[in-house]
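Visitor: Below is the file upload_30.cif, which contains mmCIF, C-alpha atoms.
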data_upload
#
loop_
_atom_site.group_PDB
_atom_site.id
_atom_site.type_symbol
_atom_site.label_atom_id
_atom_site.label_comp_id
_atom_site.auth_asym_id
_atom_site.auth_seq_id
_atom_site.Cartn_x
_atom_site.Cartn_y
_atom_site.Cartn_z
ATOM 1 C CA MET R 278 214.427 73.429 -40.460
ATOM 2 C CA ILE R 279 214.761 69.760 -41.401
ATOM 3 C CA GLU R 280 217.076 67.684 -39.230
ATOM 4 C CA ILE R 281 218.052 64.228 -40.475
ATOM 5 C CA LYS R 282 219.841 62.293 -37.767
ATOM 6 C CA ASN R 283 221.667 58.979 -38.253
ATOM 7 C CA ILE R 284 219.160 57.588 -40.757
ATOM 8 C CA SER R 285 219.667 54.028 -41.993
ATOM 9 C CA LYS R 286 217.421 51.999 -44.284
ATOM 10 C CA SER R 287 217.876 48.563 -45.842
ATOM 11 C CA TYR R 288 215.783 46.469 -48.214
ATOM 12 C CA ASP R 289 216.498 42.858 -47.271
ATOM 13 C CA ASP R 290 220.293 42.629 -47.582
ATOM 14 C CA ILE R 291 220.652 45.812 -49.652
ATOM 15 C CA SER R 292 221.620 48.971 -47.760
ATOM 16 C CA ALA R 293 219.944 52.079 -49.225
ATOM 17 C CA LEU R 294 221.049 54.562 -46.542
ATOM 18 C CA GLY R 295 223.697 54.192 -43.894
ATOM 19 C CA ASN R 296 223.909 56.389 -40.810
ATOM 20 C CA LEU R 297 223.100 59.519 -42.809
ATOM 21 C CA THR R 298 223.053 62.891 -41.050
ATOM 22 C CA ILE R 299 222.297 66.212 -42.720
ATOM 23 C CA ASN R 300 220.461 69.473 -41.990
ATOM 24 C CA MET R 301 218.386 71.536 -44.421
ATOM 25 C CA ARG R 302 217.732 75.174 -43.608
ATOM 26 C CA GLU R 303 214.411 76.818 -44.357
ATOM 27 C CA GLY R 304 214.179 79.507 -47.000
ATOM 28 C CA GLU R 305 216.852 77.909 -49.196
ATOM 29 C CA VAL R 306 216.794 75.564 -52.180
ATOM 30 C CA PHE R 307 218.530 72.351 -51.142
ATOM 31 C CA GLY R 308 219.696 70.065 -53.938
ATOM 32 C CA LEU R 309 220.372 66.358 -53.373
ATOM 33 C CA VAL R 310 222.583 64.994 -56.121
ATOM 34 C CA GLY R 311 223.713 61.448 -56.812
ATOM 35 C CA THR R 312 223.636 58.592 -59.259
ATOM 36 C CA ASN R 313 220.680 56.242 -59.538
ATOM 37 C CA GLY R 314 220.758 54.030 -56.457
ATOM 38 C CA ALA R 315 222.547 56.603 -54.299
ATOM 39 C CA GLY R 316 219.569 56.763 -51.908
ATOM 40 C CA LYS R 317 217.940 60.052 -52.955
ATOM 41 C CA SER R 318 214.388 58.744 -53.384
ATOM 42 C CA THR R 319 214.572 56.614 -50.254
ATOM 43 C CA LEU R 320 215.716 59.619 -48.240
ATOM 44 C CA LEU R 321 212.899 61.800 -49.575
ATOM 45 C CA ARG R 322 210.296 59.147 -48.752
ATOM 46 C CA ILE R 323 211.639 58.869 -45.207
ATOM 47 C CA MET R 324 211.621 62.671 -44.896
ATOM 48 C CA ALA R 325 207.985 62.683 -46.053
ATOM 49 C CA GLY R 326 207.036 59.981 -43.548
ATOM 50 C CA VAL R 327 206.096 57.530 -46.311
ATOM 51 C CA LEU R 328 208.834 55.103 -45.277
ATOM 52 C CA LYS R 329 210.026 54.290 -41.778
ATOM 53 C CA ALA R 330 213.769 54.309 -41.230
ATOM 54 C CA ASP R 331 215.390 51.264 -39.653
ATOM 55 C CA CYS R 332 217.045 53.655 -37.219
ATOM 56 C CA GLY R 333 217.509 57.388 -36.791
ATOM 57 C CA GLU R 334 214.949 60.167 -37.040
ATOM 58 C CA VAL R 335 213.753 63.035 -39.218
ATOM 59 C CA ILE R 336 212.613 66.180 -37.398
ATOM 60 C CA ILE R 337 210.767 68.964 -39.242
ATOM 61 C CA ASP R 338 210.360 72.219 -37.325
ATOM 62 C CA GLY R 339 210.755 70.361 -34.054
ATOM 63 C CA GLU R 340 208.323 67.539 -34.913
ATOM 64 C CA GLN R 341 209.285 63.943 -35.708
ATOM 65 C CA VAL R 342 207.790 63.286 -39.113
ATOM 66 C CA TYR R 343 206.953 59.586 -39.142
ATOM 67 C CA ASP R 344 203.329 58.852 -38.180
ATOM 68 C CA ASN R 345 202.833 62.498 -37.223
ATOM 69 C CA PRO R 346 200.036 64.410 -39.021
ATOM 70 C CA LEU R 347 201.226 67.750 -37.610
ATOM 71 C CA ALA R 348 204.612 67.391 -39.298
ATOM 72 C CA LYS R 349 203.121 66.095 -42.550
ATOM 73 C CA GLU R 350 200.935 69.193 -42.847
ATOM 74 C CA LEU R 351 204.157 71.118 -43.432
ATOM 75 C CA LEU R 352 205.262 69.168 -46.498
ATOM 76 C CA TYR R 353 204.178 68.046 -49.928
ATOM 77 C CA MET R 354 206.079 65.425 -51.914
ATOM 78 C CA ILE R 355 206.227 65.223 -55.707
ATOM 79 C CA PRO R 356 207.486 61.715 -56.575
ATOM 80 C CA ASP R 357 209.466 60.841 -59.676
ATOM 81 C CA ASP R 358 206.357 59.178 -61.155
ATOM 82 C CA PRO R 359 203.308 61.083 -59.814
ATOM 83 C CA TYR R 360 200.220 58.984 -59.045
ATOM 84 C CA TYR R 361 196.752 60.104 -60.028
ATOM 85 C CA PHE R 362 193.418 58.386 -59.476
ATOM 86 C CA PRO R 363 192.232 56.330 -62.473
ATOM 87 C CA ASN R 364 190.219 58.462 -64.933
ATOM 88 C CA ALA R 365 190.681 61.559 -62.748
ATOM 89 C CA THR R 366 190.827 65.071 -64.149
ATOM 90 C CA ALA R 367 193.080 67.853 -62.906
ATOM 91 C CA ASN R 368 190.127 69.499 -61.164
ATOM 92 C CA GLU R 369 189.219 66.256 -59.402
ATOM 93 C CA MET R 370 192.782 65.941 -58.118
ATOM 94 C CA MET R 371 192.551 69.582 -57.003
ATOM 95 C CA ASN R 372 189.473 68.744 -54.953
ATOM 96 C CA TYR R 373 191.197 65.732 -53.408
ATOM 97 C CA TYR R 374 194.315 67.629 -52.351
ATOM 98 C CA GLY R 375 192.117 70.491 -51.205
ATOM 99 C CA SER R 376 190.522 68.070 -48.744
ATOM 100 C CA VAL R 377 193.949 66.927 -47.500
ATOM 101 C CA TYR R 378 195.736 70.284 -47.184
ATOM 102 C CA LYS R 379 193.791 72.908 -45.252
ATOM 103 C CA ASN R 380 195.649 75.809 -46.901
ATOM 104 C CA PHE R 381 195.184 74.599 -50.477
ATOM 105 C CA ASP R 382 194.672 77.623 -52.763
ATOM 106 C CA TYR R 383 192.014 76.779 -55.383
ATOM 107 C CA ASP R 384 192.271 80.151 -57.110
ATOM 108 C CA LYS R 385 196.040 79.834 -57.429
ATOM 109 C CA PHE R 386 195.688 76.340 -58.897
ATOM 110 C CA GLN R 387 193.212 77.499 -61.543
ATOM 111 C CA TYR R 388 195.425 80.469 -62.397
ATOM 112 C CA LEU R 389 198.481 78.195 -62.783
ATOM 113 C CA LEU R 390 196.538 75.671 -64.862
ATOM 114 C CA GLN R 391 195.647 78.420 -67.279
ATOM 115 C CA ASN R 392 199.193 79.761 -67.432
ATOM 116 C CA PHE R 393 200.653 76.305 -68.050
ATOM 117 C CA ASN R 394 197.980 75.606 -70.708
ATOM 118 C CA LEU R 395 196.573 72.570 -68.902
ATOM 119 C CA SER R 396 192.880 71.689 -68.989
ATOM 120 C CA GLY R 397 191.181 71.174 -65.650
ATOM 121 C CA ASN R 398 188.492 68.918 -67.139
ATOM 122 C CA ARG R 399 190.684 66.716 -69.319
ATOM 123 C CA LYS R 400 191.456 63.219 -68.055
ATOM 124 C CA ILE R 401 195.022 63.048 -66.752
ATOM 125 C CA ALA R 402 195.460 59.639 -68.426
ATOM 126 C CA THR R 403 195.577 61.509 -71.754
ATOM 127 C CA PHE R 404 198.360 63.861 -70.555
ATOM 128 C CA SER R 405 201.939 63.426 -71.754
ATOM 129 C CA LYS R 406 204.665 62.609 -69.216
ATOM 130 C CA GLY R 407 205.734 66.251 -69.156
ATOM 131 C CA MET R 408 202.171 67.455 -68.607
ATOM 132 C CA ARG R 409 201.736 65.012 -65.730
ATOM 133 C CA LYS R 410 204.909 66.383 -64.146
ATOM 134 C CA GLN R 411 203.680 69.950 -64.628
ATOM 135 C CA LEU R 412 200.378 69.091 -62.962
ATOM 136 C CA ALA R 413 202.190 67.547 -59.990
ATOM 137 C CA ILE R 414 204.204 70.750 -59.540
ATOM 138 C CA LEU R 415 201.086 72.923 -59.709
ATOM 139 C CA LEU R 416 199.275 70.765 -57.138
ATOM 140 C CA GLY R 417 202.310 70.929 -54.858
ATOM 141 C CA ILE R 418 202.656 74.701 -55.154
ATOM 142 C CA SER R 419 198.915 75.244 -54.614
ATOM 143 C CA SER R 420 198.935 73.122 -51.458
ATOM 144 C CA ASN R 421 200.804 76.014 -49.805
ATOM 145 C CA THR R 422 202.978 73.817 -47.619
ATOM 146 C CA LYS R 423 206.179 75.183 -46.138
ATOM 147 C CA TYR R 424 208.333 72.415 -47.606
ATOM 148 C CA LEU R 425 208.127 70.936 -51.100
ATOM 149 C CA PHE R 426 209.997 67.674 -51.761
ATOM 150 C CA CYS R 427 210.699 67.141 -55.457
ATOM 151 C CA ASP R 428 212.096 63.816 -56.691
ATOM 152 C CA GLU R 429 213.643 64.253 -60.160
ATOM 153 C CA THR R 430 210.914 66.815 -60.774
ATOM 154 C CA PHE R 431 212.499 68.412 -63.852
ATOM 155 C CA ASP R 432 213.034 65.060 -65.575
ATOM 156 C CA GLY R 433 210.658 64.874 -68.542
ATOM 157 C CA LEU R 434 210.095 68.630 -68.797
ATOM 158 C CA ASP R 435 211.229 70.541 -71.862
ATOM 159 C CA PRO R 436 213.700 73.427 -71.313
ATOM 160 C CA VAL R 437 210.960 76.083 -71.334
ATOM 161 C CA MET R 438 208.875 74.247 -68.726
ATOM 162 C CA ARG R 439 211.942 73.592 -66.561
ATOM 163 C CA GLN R 440 212.700 77.279 -66.449
ATOM 164 C CA ALA R 441 209.042 78.111 -65.787
ATOM 165 C CA ALA R 442 208.964 75.675 -62.853
ATOM 166 C CA LYS R 443 212.161 77.133 -61.400
ATOM 167 C CA MET R 444 210.773 80.654 -61.697
ATOM 168 C CA LEU R 445 207.598 79.477 -59.971
ATOM 169 C CA PHE R 446 209.645 78.061 -57.075
ATOM 170 C CA ALA R 447 211.590 81.324 -56.798
ATOM 171 C CA ARG R 448 208.375 83.369 -56.680
ATOM 172 C CA GLU R 449 206.845 81.178 -53.980
ATOM 173 C CA MET R 450 210.042 81.403 -51.934
ATOM 174 C CA ASP R 451 209.953 85.183 -52.136
ATOM 175 C CA GLU R 452 206.232 85.579 -51.457
ATOM 176 C CA ARG R 453 205.566 82.991 -48.748
ATOM 177 C CA GLY R 454 208.867 81.412 -47.686
ATOM 178 C CA LEU R 455 208.632 78.097 -49.551
ATOM 179 C CA THR R 456 211.586 75.733 -49.009
ATOM 180 C CA PRO R 457 212.085 73.355 -51.960
ATOM 181 C CA ILE R 458 214.161 70.178 -51.589
ATOM 182 C CA LEU R 459 215.158 68.908 -55.031
ATOM 183 C CA THR R 460 216.810 65.644 -56.084
ATOM 184 C CA SER R 461 218.577 65.014 -59.361
ATOM 185 C CA HIS R 462 221.217 62.786 -60.900
ATOM 186 C CA ASN R 463 222.265 65.770 -63.019
ATOM 187 C CA LEU R 464 224.413 68.494 -61.480
ATOM 188 C CA ARG R 465 223.725 70.894 -64.348
ATOM 189 C CA GLU R 466 220.002 70.665 -63.638
ATOM 190 C CA LEU R 467 220.400 72.231 -60.205
ATOM 191 C CA GLU R 468 223.267 74.690 -60.514
ATOM 192 C CA ASP R 469 221.120 77.716 -61.403
ATOM 193 C CA ILE R 470 218.612 77.307 -58.568
ATOM 194 C CA CYS R 471 220.246 75.707 -55.497
ATOM 195 C CA ASP R 472 221.685 77.545 -52.502
ATOM 196 C CA HIS R 473 223.053 74.394 -50.870
ATOM 197 C CA VAL R 474 223.935 71.050 -52.450
ATOM 198 C CA GLY R 475 224.444 67.643 -50.865
ATOM 199 C CA LEU R 476 226.148 64.839 -52.771
ATOM 200 C CA LEU R 477 224.863 61.355 -51.922
ATOM 201 C CA HIS R 478 227.020 58.340 -52.662
ATOM 202 C CA LYS R 479 226.345 54.726 -51.678
ATOM 203 C CA GLY R 480 223.739 55.716 -49.081
ATOM 204 C CA GLY R 481 225.762 58.420 -47.366
ATOM 205 C CA VAL R 482 226.443 62.139 -47.690
ATOM 206 C CA LEU R 483 229.807 62.586 -49.335
ATOM 207 C CA LEU R 484 229.618 66.366 -49.312
ATOM 208 C CA SER R 485 227.164 69.059 -48.157
ATOM 209 C CA LYS R 486 228.052 72.724 -48.668
ATOM 210 C CA ASP R 487 226.723 76.140 -49.583
ATOM 211 C CA LEU R 488 227.512 76.970 -53.200
ATOM 212 C CA VAL R 489 228.629 80.481 -52.289
ATOM 213 C CA ASP R 490 231.181 79.121 -49.807
ATOM 214 C CA MET R 491 232.528 76.652 -52.354
ATOM 215 C CA LYS R 492 232.846 79.295 -55.065
ATOM 216 C CA LEU R 493 234.826 81.652 -52.829
ATOM 217 C CA ASN R 494 237.804 79.282 -52.682
ATOM 218 C CA ILE R 495 237.757 77.934 -56.234
ATOM 219 C CA GLN R 496 238.564 79.998 -59.316
ATOM 220 C CA LYS R 497 238.724 79.336 -63.037
ATOM 221 C CA VAL R 498 240.866 81.440 -65.369
ATOM 222 C CA GLN R 499 242.186 81.362 -68.895
ATOM 223 C CA VAL R 500 245.653 82.700 -69.579
ATOM 224 C CA VAL R 501 247.964 83.340 -72.532
ATOM 225 C CA TYR R 502 251.542 83.806 -71.345
ATOM 226 C CA LYS R 503 254.211 85.966 -72.910
ATOM 227 C CA SER R 504 256.710 83.127 -72.556
ATOM 228 C CA VAL R 505 257.194 79.622 -71.151
ATOM 229 C CA GLU R 506 259.212 81.146 -68.324
ATOM 230 C CA GLU R 507 256.246 83.278 -67.284
ATOM 231 C CA GLN R 508 254.036 80.165 -67.337
ATOM 232 C CA ARG R 509 256.397 78.309 -65.014
ATOM 233 C CA LYS R 510 256.571 81.299 -62.688
ATOM 234 C CA ALA R 511 252.769 81.457 -62.360
ATOM 235 C CA GLU R 512 252.213 77.714 -62.023
ATOM 236 C CA SER R 513 254.739 77.465 -59.206
ATOM 237 C CA THR R 514 252.501 79.699 -57.054
ATOM 238 C CA MET R 515 249.078 78.205 -57.882
ATOM 239 C CA ASN R 516 247.205 75.315 -56.256
ATOM 240 C CA ILE R 517 246.121 73.786 -59.567
ATOM 241 C CA LEU R 518 243.248 71.316 -59.604
ATOM 242 C CA ILE R 519 242.669 71.134 -63.355
ATOM 243 C CA HIS R 520 244.889 72.370 -66.191
ATOM 244 C CA GLU R 521 243.802 72.287 -69.823
ATOM 245 C CA GLN R 522 245.697 73.702 -72.773
ATOM 246 C CA ARG R 523 244.152 74.714 -76.101
ATOM 247 C CA GLY R 524 246.901 76.017 -78.315
ATOM 248 C CA LYS R 525 248.446 78.937 -76.483
ATOM 249 C CA VAL R 526 245.468 79.298 -74.143
ATOM 250 C CA HIS R 527 245.832 77.716 -70.685
ATOM 251 C CA VAL R 528 242.659 77.123 -68.660
ATOM 252 C CA TYR R 529 243.108 76.538 -64.921
ATOM 253 C CA THR R 530 240.755 75.542 -62.140
ATOM 254 C CA VAL R 531 242.560 76.410 -58.915
ATOM 255 C CA ARG R 532 241.863 76.128 -55.189
ATOM 256 C CA MET R 533 242.568 79.733 -54.207
ATOM 257 C CA SER R 534 240.693 82.866 -53.315
ATOM 258 C CA LEU R 535 240.467 85.550 -55.977
ATOM 259 C CA ALA R 536 242.851 87.751 -53.980
ATOM 260 C CA GLU R 537 245.438 84.933 -53.788
ATOM 261 C CA LEU R 538 245.126 84.322 -57.514
ATOM 262 C CA GLU R 539 245.686 87.979 -58.301
ATOM 263 C CA ILE R 540 248.841 87.949 -56.174
ATOM 264 C CA SER R 541 250.120 84.908 -58.108
ATOM 265 C CA PHE R 542 249.883 86.862 -61.368
ATOM 266 C CA GLU R 543 251.016 90.198 -59.994
ATOM 267 C CA HIS R 544 254.515 89.848 -61.475
ATOM 268 C CA VAL R 545 253.672 87.507 -64.376
ATOM 269 C CA GLU R 546 253.611 88.883 -67.911
ATOM 270 C CA THR R 547 250.521 87.712 -69.814
ATOM 271 C CA LEU R 548 248.876 88.503 -73.130
ATOM 272 C CA LEU R 549 245.490 87.420 -71.784
ATOM 273 C CA PHE R 550 244.160 86.888 -68.264
ATOM 274 C CA GLU R 551 240.422 86.330 -67.859
ATOM 275 C CA SER R 552 238.256 84.935 -65.063
ATOM 276 C CA LEU R 553 235.691 82.331 -66.179
ATOM 277 C CA PRO R 554 232.426 81.177 -64.561
ATOM 278 C CA LEU R 555 232.529 77.841 -62.748
ATOM 279 C CA THR R 556 229.955 75.114 -63.255
ATOM 280 C CA LEU R 557 228.596 73.143 -60.324
ATOM 281 C CA GLU R 558 230.258 70.031 -61.718
ATOM 282 C CA GLU R 559 233.658 71.714 -61.748
ATOM 283 C CA ILE R 560 233.188 72.840 -58.158
ATOM 284 C CA PHE R 561 232.239 69.338 -57.048
ATOM 285 C CA ILE R 562 235.171 67.800 -58.922
ATOM 286 C CA SER R 563 237.550 69.906 -56.856
ATOM 287 C CA GLU R 564 235.719 69.385 -53.562
ATOM 288 C CA THR R 565 235.398 65.607 -53.855
ATOM 289 C CA GLU R 566 238.979 65.100 -54.964
ATOM 290 C CA VAL R 567 240.026 66.513 -51.596
ATOM 291 C CA VAL R 568 238.205 63.672 -49.827
ATOM 292 C CA GLY R 569 239.533 61.032 -52.220
ATOM 293 C CA TYR R 570 236.673 60.583 -54.711
ATOM 294 C CA ASP R 571 236.400 61.116 -58.448
ATOM 295 C CA ILE R 572 233.180 63.052 -59.022
ATOM 296 C CA LYS R 573 233.197 62.181 -62.736
ATOM 297 C CA ASN R 574 232.787 58.504 -61.879
ATOM 298 C CA ILE R 575 230.236 59.160 -59.124
ATOM 299 C CA ILE R 576 227.944 61.501 -61.074
ATOM 300 C CA GLN R 577 228.336 60.068 -64.560
ATOM 301 C CA GLY R 578 228.212 56.468 -63.384
#
As structure tokens, please, write out the structure in this file.
Guide:
Amino acid sequence: MIEIKNISKSYDDISALGNLTINMREGEVFGLVGTNGAGKSTLLRIMAGVLKADCGEVIIDGEQVYDNPLAKELLYMIPDDPYYFPNATANEMMNYYGSVYKNFDYDKFQYLLQNFNLSGNRKIATFSKGMRKQLAILLGISSNTKYLFCDETFDGLDPVMRQAAKMLFAREMDERGLTPILTSHNLRELEDICDHVGLLHKGGVLLSKDLVDMKLNIQKVQVVYKSVEEQRKAESTMNILIHEQRGKVHVYTVRMSLAELEISFEHVETLLFESLPLTLEEIFISETEVVGYDIKNIIQG
């Protein structure tokens, strides 16, 4: 488990994080979402022990992480712009990380290199941005750490490679209990992989919830009513967050359980009533409006 307690960090007169507290459970994919400048990268670097917080502490499995080799053995961080030694090859970086992480799996790394069509003897300087990101993921996975911190890791990957990386994370979670912590400025990037999502805004955590819990109390439906009177009858019983109309089709996002929604339409005559899947963005719109924020402005800038 990762415990982040009252973390603050400033750069001169600019506050990057302010009294931030959040917990991340092991065995789950935790997504940190926020605009550029929200504090995601700073938080990850503090969690990895690269930066020292001005105040507060990060505890990983009972160990304070800063200046603590025992805690750092548990984690591997993939930065937004991975660094490689000048003129190094993938195999040379493998040997370096193999000397740093005692559980580094050389056979796994070579197997993944082959499957991702990367050459172990080619100089990394000749790799594309996407290939460099792929290599960073493979090194992180092969290091066999319990926690993997990924800063905008899917940025720069094509759709096929993004899905391959997500499947790789899922396999490692199932086989050896990997816990990935992912950051992104894009909600859609994380909605198919995360169990828990935290929304960072201006250096603080605006919202941190399990996706399953959020989805239980928010529904999305499309309806065609038999008459305007039936529409009014239904709308008077619903807690409507978003209402869109396309011709005769009404699309609602409502804060209600599915059972409550079914009761609302029990005596309403409709020509069409269909439940629709919710996106992570739609869920966050409803959740943040409750605490007085407009998620569209926060996430989209």
Visitor: For this file, the PyMOL selection byres ((chain R and resi 477) around 9) selects which residues, as a VMD selection string?
Guide: chain R and resid 309 to 312 315 to 317 475 to 476 478 to 485
Visitor: Using CA of Tyr378 in chain R and CA of Asn398 in chain R as the two end points, give the distance in Å to one decimal.
Guide: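 Computing it gives 21.3 Å between the two atoms.
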Visitor: Which is closest to Glu334 in chain R among R:Lys282, R:Arg322, R:Lys423, R:Lys349, if we use only C-alpha atoms?
Guide: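 Residue with the minimum atom-to-atom distance to Glu334 in chain R: R:Lys282.
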Visitor: R:Tyr360, R:Phe307, R:Phe550, R:Tyr353: which is nearest Tyr424 in chain R, counting all atoms listed in the file?
Guide: R:Tyr353
Visitor: Kindly resolve the PyMOL selection byres ((chain R and resi 446-449) around 10) on the present coordinates and return the residues as a list in words.
Guide: Glu305, Val306, Ile414, Ile418, Ser419, Asn421, Lys423, Leu425, Gln440, Ala441, Ala442, Lys443, Met444, Leu445, Met450, Asp451, Glu452, Arg453, Gly454, Leu455, Thr456, Pro457 and Ile470 of chain R
Visitor: For the file shown, what are the residues hit by the PyMOL selection byres ((chain R and resi 281) around 8), laid out as a PyMOL selection string?
Guide: chain R and resi 279-280+282-284+297-300+324+333-336
Visitor: Can you tell me which residues surround Gly407 in chain R at a distance of at most 7 Å, considering all atoms listed in the file, apart from same-chain residues fewer than 2 positions away, and format the answer as a PyMOL selection string?
Guide: chain R and resi 405+409-411+433-434
Visitor: So the first atom is CA of Glu551 in chain R and the second is CA of Asp490 in chain R; what is the distance between them in Å, to one decimal place?
Guide: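 Calculated distance between CA of Glu551 in chain R and CA of Asp490 in chain R is 21.5 Å.
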Visitor: For Asp358 in chain R, which residue among R:Ile323, R:Leu412, R:Leu389, R:Ala330 is the nearest when counting only C-alpha atoms?
Guide: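 Closest to Asp358 in chain R of all the choices is R:Leu412.
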Visitor: With all atoms listed in the file as the counted atoms, please give the residues lying no more than 9 Å from Leu395 in chain R, apart from itself and same-chain residues fewer than 2 positions off, as a ChimeraX atom specification.
Guide: /R:367,389-393,397,399,408,411-412
Visitor: Quick one: pull the distance between CA of Glu558 in chain R and CA of Arg523 in chain R, Å, one decimal.
Guide: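 Atom-to-atom, CA of Glu558 in chain R to CA of Arg523 in chain R, that is 20.5 Å.
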Visitor: With N, CA and C atoms as the target, complete range 524-546 of chain R and hand it back as a PDB file, keeping the file's coordinate frame.
Guide:
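What follows is the written file selection.pdb:
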ATOM      1  N   GLY R 524     245.954  75.152 -77.621  1.00  0.00           N
ATOM      2  CA  GLY R 524     246.901  76.017 -78.315  1.00  0.00           C
ATOM      3  C   GLY R 524     247.723  76.791 -77.315  1.00  0.00           C
ATOM      4  N   LYS R 525     247.705  78.099 -77.421  1.00  0.00           N
ATOM      5  CA  LYS R 525     248.446  78.937 -76.483  1.00  0.00           C
ATOM      6  C   LYS R 525     247.628  79.312 -75.246  1.00  0.00           C
ATOM      7  N   VAL R 526     246.352  78.926 -75.249  1.00  0.00           N
ATOM      8  CA  VAL R 526     245.468  79.298 -74.143  1.00  0.00           C
ATOM      9  C   VAL R 526     245.498  78.216 -73.061  1.00  0.00           C
ATOM     10  N   HIS R 527     245.821  78.611 -71.844  1.00  0.00           N
ATOM     11  CA  HIS R 527     245.832  77.716 -70.685  1.00  0.00           C
ATOM     12  C   HIS R 527     244.594  78.009 -69.839  1.00  0.00           C
ATOM     13  N   VAL R 528     243.848  76.963 -69.503  1.00  0.00           N
ATOM     14  CA  VAL R 528     242.659  77.123 -68.660  1.00  0.00           C
ATOM     15  C   VAL R 528     242.908  76.376 -67.356  1.00  0.00           C
ATOM     16  N   TYR R 529     242.831  77.102 -66.237  1.00  0.00           N
ATOM     17  CA  TYR R 529     243.108  76.538 -64.921  1.00  0.00           C
ATOM     18  C   TYR R 529     241.859  76.587 -64.042  1.00  0.00           C
ATOM     19  N   THR R 530     241.651  75.505 -63.294  1.00  0.00           N
ATOM     20  CA  THR R 530     240.755  75.542 -62.140  1.00  0.00           C
ATOM     21  C   THR R 530     241.649  75.392 -60.924  1.00  0.00           C
ATOM     22  N   VAL R 531     241.606  76.373 -60.024  1.00  0.00           N
ATOM     23  CA  VAL R 531     242.560  76.410 -58.915  1.00  0.00           C
ATOM     24  C   VAL R 531     241.819  76.539 -57.591  1.00  0.00           C
ATOM     25  N   ARG R 532     242.407  75.965 -56.539  1.00  0.00           N
ATOM     26  CA  ARG R 532     241.863  76.128 -55.189  1.00  0.00           C
ATOM     27  C   ARG R 532     242.567  77.313 -54.541  1.00  0.00           C
ATOM     28  N   MET R 533     242.001  78.493 -54.735  1.00  0.00           N
ATOM     29  CA  MET R 533     242.568  79.733 -54.207  1.00  0.00           C
ATOM     30  C   MET R 533     241.453  80.764 -54.155  1.00  0.00           C
ATOM     31  N   SER R 534     241.606  81.740 -53.281  1.00  0.00           N
ATOM     32  CA  SER R 534     240.693  82.866 -53.315  1.00  0.00           C
ATOM     33  C   SER R 534     241.075  83.763 -54.491  1.00  0.00           C
ATOM     34  N   LEU R 535     240.174  84.648 -54.865  1.00  0.00           N
ATOM     35  CA  LEU R 535     240.467  85.550 -55.977  1.00  0.00           C
ATOM     36  C   LEU R 535     241.650  86.450 -55.645  1.00  0.00           C
ATOM     37  N   ALA R 536     241.734  86.890 -54.391  1.00  0.00           N
ATOM     38  CA  ALA R 536     242.851  87.751 -53.980  1.00  0.00           C
ATOM     39  C   ALA R 536     244.177  87.015 -54.095  1.00  0.00           C
ATOM     40  N   GLU R 537     244.204  85.738 -53.681  1.00  0.00           N
ATOM     41  CA  GLU R 537     245.438  84.933 -53.788  1.00  0.00           C
ATOM     42  C   GLU R 537     245.842  84.727 -55.244  1.00  0.00           C
ATOM     43  N   LEU R 538     244.834  84.522 -56.091  1.00  0.00           N
ATOM     44  CA  LEU R 538     245.126  84.322 -57.514  1.00  0.00           C
ATOM     45  C   LEU R 538     245.711  85.581 -58.135  1.00  0.00           C
ATOM     46  N   GLU R 539     245.178  86.714 -57.764  1.00  0.00           N
ATOM     47  CA  GLU R 539     245.686  87.979 -58.301  1.00  0.00           C
ATOM     48  C   GLU R 539     247.130  88.221 -57.871  1.00  0.00           C
ATOM     49  N   ILE R 540     247.458  87.811 -56.650  1.00  0.00           N
ATOM     50  CA  ILE R 540     248.841  87.949 -56.174  1.00  0.00           C
ATOM     51  C   ILE R 540     249.770  87.054 -56.991  1.00  0.00           C
ATOM     52  N   SER R 541     249.297  85.848 -57.327  1.00  0.00           N
ATOM     53  CA  SER R 541     250.120  84.908 -58.108  1.00  0.00           C
ATOM     54  C   SER R 541     250.501  85.487 -59.461  1.00  0.00           C
ATOM     55  N   PHE R 542     249.628  86.320 -60.036  1.00  0.00           N
ATOM     56  CA  PHE R 542     249.883  86.862 -61.368  1.00  0.00           C
ATOM     57  C   PHE R 542     250.365  88.312 -61.337  1.00  0.00           C
ATOM     58  N   GLU R 543     250.637  88.798 -60.129  1.00  0.00           N
ATOM     59  CA  GLU R 543     251.016  90.198 -59.994  1.00  0.00           C
ATOM     60  C   GLU R 543     252.287  90.533 -60.761  1.00  0.00           C
ATOM     61  N   HIS R 544     253.238  89.602 -60.799  1.00  0.00           N
ATOM     62  CA  HIS R 544     254.515  89.848 -61.475  1.00  0.00           C
ATOM     63  C   HIS R 544     254.721  88.894 -62.646  1.00  0.00           C
ATOM     64  N   VAL R 545     253.608  88.403 -63.220  1.00  0.00           N
ATOM     65  CA  VAL R 545     253.672  87.507 -64.376  1.00  0.00           C
ATOM     66  C   VAL R 545     253.201  88.262 -65.608  1.00  0.00           C
ATOM     67  N   GLU R 546     253.976  88.187 -66.674  1.00  0.00           N
ATOM     68  CA  GLU R 546     253.611  88.883 -67.911  1.00  0.00           C
ATOM     69  C   GLU R 546     252.699  87.980 -68.738  1.00  0.00           C
TER      70      GLU R 546
END
